[in-house]
Amino acid sequence: MSFFPKISFQPEVEEYLAKVFRNNELITALGTKEAESKYQSLLSHLSHPPAFTTVRVNTHLASVKHVKKSLFEEIQKQFKGICVPVLEHPELQDILLIPAIGSRQDLKKHESEVIVGAQCGYAVLRGAHVYVPGIISTSRFMKAGDLVSVYSDIEGKCKRGAKEFEGVKVFLGNGISELSRSEIFSSHGPVTGMGIRMTEPVYLSPSFDSVLPSHLFLQNLPSVVVSHVLNPQPGERILDMCAAPGGKTTHLATLMHDQGEVIAMDKIANKVKKIEQNAELLQLNCIKAFCYDGTKALSVEKREDKQEGPPFLPESFDRILLDAPCSGMGQRPNMAYSSTLKEVTSYQPLQRKLFTVAVKLLKPGGVLVYSTCTITLSENEEQVAWALETFPCLQLQPQEPHIGGEGMRGAGLAPDQLKLLQRFDPSAGTLRGMDMGFLQDSREEDLISLANKDCIGFFIAKFIKLNSK
């Protein structure tokens, strides 16, 4: 049941993707009709938010049971007594799942309108309120306290400060304005703070603003799976090559009981600061963050013994996570993907440079996990095929837990190799509304199964380095 239109792409990107999902290997295995059906289903799913909000519990500071109780009480308060369950995951025992109620199609639209940018709109669909920087336009006479309907300008065509907008806009729900139009757009007015408090969102998901900040980390389900697959052990030296904003970094440190060393790198300084802030908030001490380009992280000369940061000597790390920069096509919700084909295809060579450095930095017997949040073959299965051919020292490994589906056909990998990969494919689930009746009628294991499938698009491959050659 689609509430929003399918995701739209630039024409050249649409043509590129269509070829990917209609490749000969896939058509031979599934048949033309089923392959086409899966592709169209994927396009519909990508424009909708996942069926569940996933939060990771900081088990370094609190138990899952304690946080679950506190979170349940907080959600009841936010939802005015609506009893939405908070579920524990049987295989990912440090996360909690909250169903997103919606899409709610009986909401009455108000005359006063607020237009927000696409990114702000996607955040609203996942439970956020509207903050001032996200507001592009409001009705002419909007005052603080007004009931307003909020829309997303998914194509980015609304001019800042406009008094009306007739372009393509998607209804996100209703709220109450915290500020007047003149306060929002005044040159002396606030540039931060809440602009619209959402009271009737199309998808009812909890807001996590200032909710148990040291005990919870908002994180997509597959992103949590990655750290478990790497399986870091206390006392080990771990490298997170492209670490910002630090969700996986802090998870790795937590899984190690804050014992050992997690080196986190990112080449953008303010993103490194965010990693440090998250480590401090979650009270994790084994994380050391550095502003550095991962493609240059291998030292070609001898280092000073006391040098902590990059570049590093070969074979310096027990385990490495390469959550690579990617085209991000698996992120949800996304109704209009704006990147060009040139941008989409620019990631594969960068990923290979990072991967080559990672292999050299890994100790023999060490584990390398490669992941992306995208759906293409070129950044996922093709990278695995290239890696196995380029680095004979690498061997694919089974993943635990294995919650997603197997790898996608089209890169020439054998069936047993595809089974070792983990691809989270949003089209694997059925796009359906979630209401209280459905929740009450569903068994907990069926809801967990839905959460496993109806999440963002994601890919994981796990390798072991057999020797140093």
# chains A, B, ... in the order shown; residues from 1 in each chain; ligands from 1
>>> residues_around(residues="Asp318 in chain A", least_positions_apart="4", cutoff="10 Å", atoms="only C-alpha atoms", output="PyMOL selection string")
chain A and resi 232-233+235-239+361-368
>>> write_last_selection(atoms="N, CA, C and O atoms", output="tab-separated table (two decimals), in the first residue's frame")
chain	number	residue	atom	x	y	z
A	232	PRO	N	34.05	-7.46	17.61
A	232	PRO	CA	35.30	-7.07	18.28
A	232	PRO	C	35.38	-7.66	19.68
A	232	PRO	O	34.36	-7.81	20.35
A	233	GLN	N	36.60	-7.97	20.11
A	233	GLN	CA	36.82	-8.59	21.42
A	233	GLN	C	37.57	-7.64	22.34
A	233	GLN	O	38.40	-6.83	21.87
A	235	GLY	N	40.26	-5.86	24.43
A	235	GLY	CA	41.71	-5.88	24.32
A	235	GLY	C	42.24	-5.76	22.90
A	235	GLY	O	43.44	-5.56	22.70
A	236	GLU	N	41.37	-5.89	21.90
A	236	GLU	CA	41.83	-5.82	20.51
A	236	GLU	C	42.02	-4.37	20.05
A	236	GLU	O	41.51	-3.43	20.66
A	237	ARG	N	42.74	-4.23	18.95
A	237	ARG	CA	42.90	-2.92	18.31
A	237	ARG	C	42.05	-2.92	17.03
A	237	ARG	O	42.28	-3.71	16.12
A	238	ILE	N	41.09	-2.02	17.00
A	238	ILE	CA	40.09	-1.98	15.92
A	238	ILE	C	40.23	-0.67	15.17
A	238	ILE	O	40.45	0.39	15.77
A	239	LEU	N	40.05	-0.71	13.84
A	239	LEU	CA	40.03	0.50	13.03
A	239	LEU	C	38.66	0.66	12.38
A	239	LEU	O	38.17	-0.24	11.71
A	361	LEU	N	46.49	-2.88	6.18
A	361	LEU	CA	46.56	-2.54	7.60
A	361	LEU	C	46.12	-3.69	8.51
A	361	LEU	O	46.33	-3.65	9.72
A	362	LEU	N	45.50	-4.71	7.93
A	362	LEU	CA	44.94	-5.82	8.72
A	362	LEU	C	45.99	-6.89	9.00
A	362	LEU	O	46.77	-7.26	8.12
A	363	LYS	N	46.02	-7.37	10.24
A	363	LYS	CA	46.93	-8.45	10.62
A	363	LYS	C	46.51	-9.76	9.95
A	363	LYS	O	45.31	-9.98	9.71
A	364	PRO	N	47.43	-10.68	9.67
A	364	PRO	CA	47.04	-12.02	9.24
A	364	PRO	C	46.15	-12.66	10.31
A	364	PRO	O	46.42	-12.53	11.51
A	365	GLY	N	45.07	-13.28	9.87
A	365	GLY	CA	44.09	-13.84	10.81
A	365	GLY	C	43.05	-12.83	11.23
A	365	GLY	O	42.10	-13.16	11.94
A	366	GLY	N	43.22	-11.57	10.80
A	366	GLY	CA	42.29	-10.51	11.17
A	366	GLY	C	41.03	-10.50	10.31
A	366	GLY	O	40.98	-11.13	9.24
A	367	VAL	N	40.03	-9.76	10.76
A	367	VAL	CA	38.72	-9.72	10.10
A	367	VAL	C	38.49	-8.32	9.53
A	367	VAL	O	38.73	-7.31	10.19
A	368	LEU	N	38.02	-8.29	8.27
A	368	LEU	CA	37.64	-7.05	7.61
A	368	LEU	C	36.16	-7.13	7.23
A	368	LEU	O	35.74	-8.09	6.57
>>> residues_around(residues="range 49-57 of chain A", least_positions_apart="4", cutoff="8 Å", atoms="only C-alpha atoms", output="VMD selection string")
chain A and resid 45 62 to 64 67 94 to 100 122 125 to 126 205 215 to 221 224 332 to 333 434 450 to 451 454 to 456
>>> select_by_dssp(residues="range 14-103 of chain A", states="strand (DSSP E or B)", output="PyMOL selection string")
chain A and resi 52-57+87-88+95-99+101-102
>>> residues_around(residues="Ser227 in chain A", least_positions_apart="5", cutoff="7 Å", atoms="only C-alpha atoms", output="PyMOL selection string")
chain A and resi 248+251-252
>>> atom_distance(atom1="CA of Gly405 in chain A", atom2="CA of Ile375 in chain A")
12.7 Å
>>> select_by_dssp(residues="range 141-251 of chain A", states="alpha helix (DSSP H)", output="count of residues only")
20
>>> residues_around(residues="Ile287 in chain A", least_positions_apart="5", cutoff="7 Å", atoms="only C-alpha atoms", output="ChimeraX atom specification")
/A:253,261-264,279
>>> atom_distance(atom1="CA of Gln277 in chain A", atom2="CA of Val191 in chain A")
22.2 Å
>>> closest_residue(among="A:Val300, A:Val229, A:Ala324, A:Ala35", to="Gln397 in chain A", atoms="only C-alpha atoms")
A:Val229
>>> closest_atom_pairs(of="range 221-301 of chain A", to="range 416-430 of chain A", cutoff="10 Å", atoms="only C-alpha atoms", output="tab-separated table")
residue	atom	partner	partner_atom	distance
A:Leu221	CA	A:Phe424	CA	9.7
A:Pro222	CA	A:Phe424	CA	7.3
A:Val225	CA	A:Gln422	CA	9.9
A:Val226	CA	A:Gln422	CA	9.8
>>> write_last_selection(atoms="all heavy atoms", output="PDB file, in the first residue's frame")
ATOM      1  N   LEU A 221      18.595  -0.619  11.822  1.00  0.00           N
ATOM      2  CA  LEU A 221      18.851  -2.017  12.201  1.00  0.00           C
ATOM      3  C   LEU A 221      20.087  -2.620  11.509  1.00  0.00           C
ATOM      4  O   LEU A 221      20.932  -3.215  12.181  1.00  0.00           O
ATOM      5  CB  LEU A 221      17.595  -2.860  11.962  1.00  0.00           C
ATOM      6  CG  LEU A 221      17.641  -4.316  12.408  1.00  0.00           C
ATOM      7  CD1 LEU A 221      16.281  -4.766  12.944  1.00  0.00           C
ATOM      8  CD2 LEU A 221      18.046  -5.245  11.275  1.00  0.00           C
ATOM      9  N   PRO A 222      20.238  -2.491  10.171  1.00  0.00           N
ATOM     10  CA  PRO A 222      21.428  -3.093   9.549  1.00  0.00           C
ATOM     11  C   PRO A 222      22.736  -2.487  10.043  1.00  0.00           C
ATOM     12  O   PRO A 222      23.764  -3.168  10.087  1.00  0.00           O
ATOM     13  CB  PRO A 222      21.223  -2.809   8.056  1.00  0.00           C
ATOM     14  CG  PRO A 222      19.772  -2.550   7.891  1.00  0.00           C
ATOM     15  CD  PRO A 222      19.341  -1.896   9.163  1.00  0.00           C
ATOM     16  N   VAL A 225      23.684  -4.406  12.958  1.00  0.00           N
ATOM     17  CA  VAL A 225      24.142  -5.752  12.572  1.00  0.00           C
ATOM     18  C   VAL A 225      25.636  -5.739  12.235  1.00  0.00           C
ATOM     19  O   VAL A 225      26.387  -6.643  12.609  1.00  0.00           O
ATOM     20  CB  VAL A 225      23.325  -6.289  11.375  1.00  0.00           C
ATOM     21  CG1 VAL A 225      23.921  -7.605  10.842  1.00  0.00           C
ATOM     22  CG2 VAL A 225      21.864  -6.514  11.776  1.00  0.00           C
ATOM     23  N   VAL A 226      26.096  -4.688  11.538  1.00  0.00           N
ATOM     24  CA  VAL A 226      27.486  -4.604  11.081  1.00  0.00           C
ATOM     25  C   VAL A 226      28.477  -4.809  12.222  1.00  0.00           C
ATOM     26  O   VAL A 226      29.432  -5.581  12.102  1.00  0.00           O
ATOM     27  CB  VAL A 226      27.755  -3.222  10.418  1.00  0.00           C
ATOM     28  CG1 VAL A 226      29.244  -2.989  10.224  1.00  0.00           C
ATOM     29  CG2 VAL A 226      27.069  -3.135   9.084  1.00  0.00           C
TER      30      VAL A 226
END
>>> atom_distance(atom1="CA of Gln78 in chain A", atom2="CA of Pro206 in chain A")
6.9 Å
>>> residues_around(residues="Lys163 in chain A", least_positions_apart="3", cutoff="9 Å", atoms="only C-alpha atoms", output="compact mmCIF listing (two decimals) with all heavy atoms, in the first residue's frame")
# COMPACT_ATOMS: atom_id res chain seq x y z
N SER A 137 9.36 27.92 3.63
CA SER A 137 8.26 28.83 3.32
C SER A 137 7.13 28.63 4.32
O SER A 137 6.94 27.53 4.85
CB SER A 137 7.77 28.54 1.89
OG SER A 137 6.45 28.98 1.69
N THR A 138 6.38 29.71 4.59
CA THR A 138 5.17 29.61 5.41
C THR A 138 4.09 30.49 4.78
O THR A 138 4.39 31.40 4.00
CB THR A 138 5.39 30.09 6.86
OG1 THR A 138 5.45 31.52 6.87
CG2 THR A 138 6.65 29.51 7.48
N SER A 139 2.86 30.23 5.17
CA SER A 139 1.77 31.10 4.72
C SER A 139 2.00 32.52 5.22
O SER A 139 2.65 32.75 6.25
CB SER A 139 0.43 30.57 5.22
OG SER A 139 0.13 29.33 4.60
N ARG A 140 1.42 33.48 4.52
CA ARG A 140 1.70 34.90 4.70
C ARG A 140 1.50 35.39 6.14
O ARG A 140 2.31 36.13 6.68
CB ARG A 140 0.78 35.70 3.76
CG ARG A 140 1.06 37.19 3.73
CD ARG A 140 0.05 37.89 2.82
NE ARG A 140 0.11 37.38 1.47
CZ ARG A 140 0.86 37.91 0.50
NH1 ARG A 140 1.61 38.96 0.78
NH2 ARG A 140 0.86 37.40 -0.70
N PHE A 141 0.41 34.97 6.78
CA PHE A 141 0.07 35.56 8.09
C PHE A 141 0.24 34.57 9.25
O PHE A 141 -0.40 34.71 10.28
CB PHE A 141 -1.38 36.08 8.07
CG PHE A 141 -1.61 37.12 7.00
CD1 PHE A 141 -2.41 36.86 5.90
CD2 PHE A 141 -1.00 38.37 7.10
CE1 PHE A 141 -2.61 37.82 4.92
CE2 PHE A 141 -1.19 39.34 6.11
CZ PHE A 141 -1.99 39.06 5.02
>>> residues_around(residues="range 101-112 of chain A", least_positions_apart="3", cutoff="6 Å", atoms="only C-alpha atoms", output="PyMOL selection string")
chain A and resi 139+148-149+202-204+433-435
>>> residues_around(residues="Ser207 in chain A", least_positions_apart="2", cutoff="7 Å", atoms="only C-alpha atoms", output="list of chain:residue names")
A:Gly127, A:Ala128, A:Ser205, A:Asp209
>>> write_last_selection(atoms="C-alpha atoms", output="compact mmCIF listing (two decimals), in the first residue's frame")
# COMPACT_ATOMS: atom_id res chain seq x y z
CA GLY A 127 9.57 11.14 14.28
CA ALA A 128 11.32 14.54 14.39
CA SER A 205 7.05 7.76 15.54
CA ASP A 209 15.03 14.91 21.39
>>> closest_residue(among="A:Asn24, A:Thr374, A:Asn58, A:Ser41", to="Phe458 in chain A", atoms="only C-alpha atoms")
A:Thr374
>>> closest_residue(among="A:Val13, A:Leu71, A:Ala297, A:Met265", to="Ala244 in chain A", atoms="only C-alpha atoms")
A:Met265
>>> decode(residues="range 277-291 of chain A", atoms="all heavy atoms", output="short mmCIF file (atom, residue, chain, number, x, y, z; two decimals), in the first residue's frame")
data_model
loop_
_atom_site.label_atom_id
_atom_site.label_comp_id
_atom_site.auth_asym_id
_atom_site.auth_seq_id
_atom_site.Cartn_x
_atom_site.Cartn_y
_atom_site.Cartn_z
N GLN A 277 32.19 13.76 20.51
CA GLN A 277 31.03 14.14 21.35
C GLN A 277 30.19 12.91 21.69
O GLN A 277 29.73 12.75 22.83
CB GLN A 277 30.19 15.18 20.61
CG GLN A 277 30.81 16.56 20.55
CD GLN A 277 30.08 17.50 19.60
OE1 GLN A 277 29.21 17.09 18.83
NE2 GLN A 277 30.43 18.77 19.64
N ASN A 278 29.96 12.05 20.71
CA ASN A 278 29.16 10.84 20.96
C ASN A 278 29.87 9.89 21.92
O ASN A 278 29.24 9.29 22.79
CB ASN A 278 28.84 10.13 19.64
CG ASN A 278 27.67 10.78 18.91
OD1 ASN A 278 26.72 11.25 19.52
ND2 ASN A 278 27.74 10.83 17.59
N ALA A 279 31.19 9.76 21.77
CA ALA A 279 31.96 8.91 22.69
C ALA A 279 31.87 9.44 24.12
O ALA A 279 31.69 8.67 25.08
CB ALA A 279 33.41 8.83 22.23
N GLU A 280 31.95 10.76 24.25
CA GLU A 280 31.87 11.38 25.57
C GLU A 280 30.47 11.22 26.16
O GLU A 280 30.31 10.88 27.34
CB GLU A 280 32.22 12.86 25.47
CG GLU A 280 32.31 13.57 26.81
CD GLU A 280 32.72 15.03 26.68
OE1 GLU A 280 33.11 15.45 25.57
OE2 GLU A 280 32.63 15.74 27.69
N LEU A 281 29.44 11.44 25.35
CA LEU A 281 28.06 11.31 25.80
C LEU A 281 27.76 9.91 26.31
O LEU A 281 27.09 9.71 27.33
CB LEU A 281 27.11 11.67 24.66
CG LEU A 281 25.60 11.62 24.94
CD1 LEU A 281 25.20 12.67 25.97
CD2 LEU A 281 24.82 11.80 23.66
N LEU A 282 28.28 8.90 25.59
CA LEU A 282 28.03 7.50 25.95
C LEU A 282 29.06 6.96 26.95
O LEU A 282 29.04 5.78 27.29
CB LEU A 282 28.00 6.63 24.69
CG LEU A 282 26.94 7.04 23.63
CD1 LEU A 282 27.04 6.16 22.40
CD2 LEU A 282 25.53 7.00 24.20
N GLN A 283 29.97 7.85 27.37
CA GLN A 283 30.98 7.54 28.41
C GLN A 283 31.87 6.36 28.03
O GLN A 283 32.09 5.43 28.80
CB GLN A 283 30.29 7.31 29.77
CG GLN A 283 29.56 8.55 30.28
CD GLN A 283 28.85 8.33 31.60
OE1 GLN A 283 29.36 7.61 32.46
NE2 GLN A 283 27.69 8.95 31.78
N LEU A 284 32.39 6.43 26.80
CA LEU A 284 33.30 5.41 26.29
C LEU A 284 34.70 6.01 26.15
O LEU A 284 34.88 7.05 25.53
CB LEU A 284 32.80 4.90 24.93
CG LEU A 284 31.45 4.16 25.00
CD1 LEU A 284 30.79 4.08 23.64
CD2 LEU A 284 31.65 2.76 25.59
N ASN A 285 35.69 5.35 26.74
CA ASN A 285 37.03 5.91 26.83
C ASN A 285 38.05 5.30 25.89
O ASN A 285 39.15 5.81 25.74
CB ASN A 285 37.55 5.77 28.28
CG ASN A 285 36.65 6.49 29.27
OD1 ASN A 285 36.32 7.65 29.08
ND2 ASN A 285 36.22 5.78 30.30
N CYS A 286 37.71 4.19 25.23
CA CYS A 286 38.72 3.48 24.42
C CYS A 286 38.75 3.98 22.97
O CYS A 286 39.49 3.45 22.15
CB CYS A 286 38.49 1.97 24.46
SG CYS A 286 37.09 1.39 23.49
N ILE A 287 37.96 5.03 22.66
CA ILE A 287 37.88 5.55 21.29
C ILE A 287 38.87 6.70 21.12
O ILE A 287 38.92 7.63 21.93
CB ILE A 287 36.45 6.04 20.98
CG1 ILE A 287 35.48 4.85 20.97
CG2 ILE A 287 36.40 6.78 19.64
CD1 ILE A 287 34.02 5.25 20.96
N LYS A 288 39.65 6.64 20.04
CA LYS A 288 40.55 7.73 19.68
C LYS A 288 40.20 8.15 18.26
O LYS A 288 40.29 7.33 17.33
CB LYS A 288 42.00 7.29 19.77
CG LYS A 288 42.44 7.00 21.20
CD LYS A 288 43.83 6.40 21.26
CE LYS A 288 44.20 6.05 22.69
NZ LYS A 288 45.42 5.23 22.76
N ALA A 289 39.75 9.40 18.09
CA ALA A 289 39.28 9.87 16.79
C ALA A 289 40.32 10.79 16.15
O ALA A 289 40.93 11.62 16.83
CB ALA A 289 37.96 10.60 16.96
N PHE A 290 40.51 10.61 14.83
CA PHE A 290 41.50 11.39 14.09
C PHE A 290 40.89 11.92 12.79
O PHE A 290 40.15 11.20 12.12
CB PHE A 290 42.72 10.54 13.76
CG PHE A 290 43.45 10.03 14.97
CD1 PHE A 290 43.17 8.76 15.48
CD2 PHE A 290 44.40 10.82 15.62
CE1 PHE A 290 43.82 8.29 16.62
CE2 PHE A 290 45.05 10.34 16.75
CZ PHE A 290 44.78 9.08 17.25
N CYS A 291 41.25 13.16 12.46
CA CYS A 291 40.85 13.74 11.18
C CYS A 291 41.90 13.34 10.15
O CYS A 291 43.03 13.86 10.17
CB CYS A 291 40.76 15.27 11.31
SG CYS A 291 40.16 16.05 9.81
#
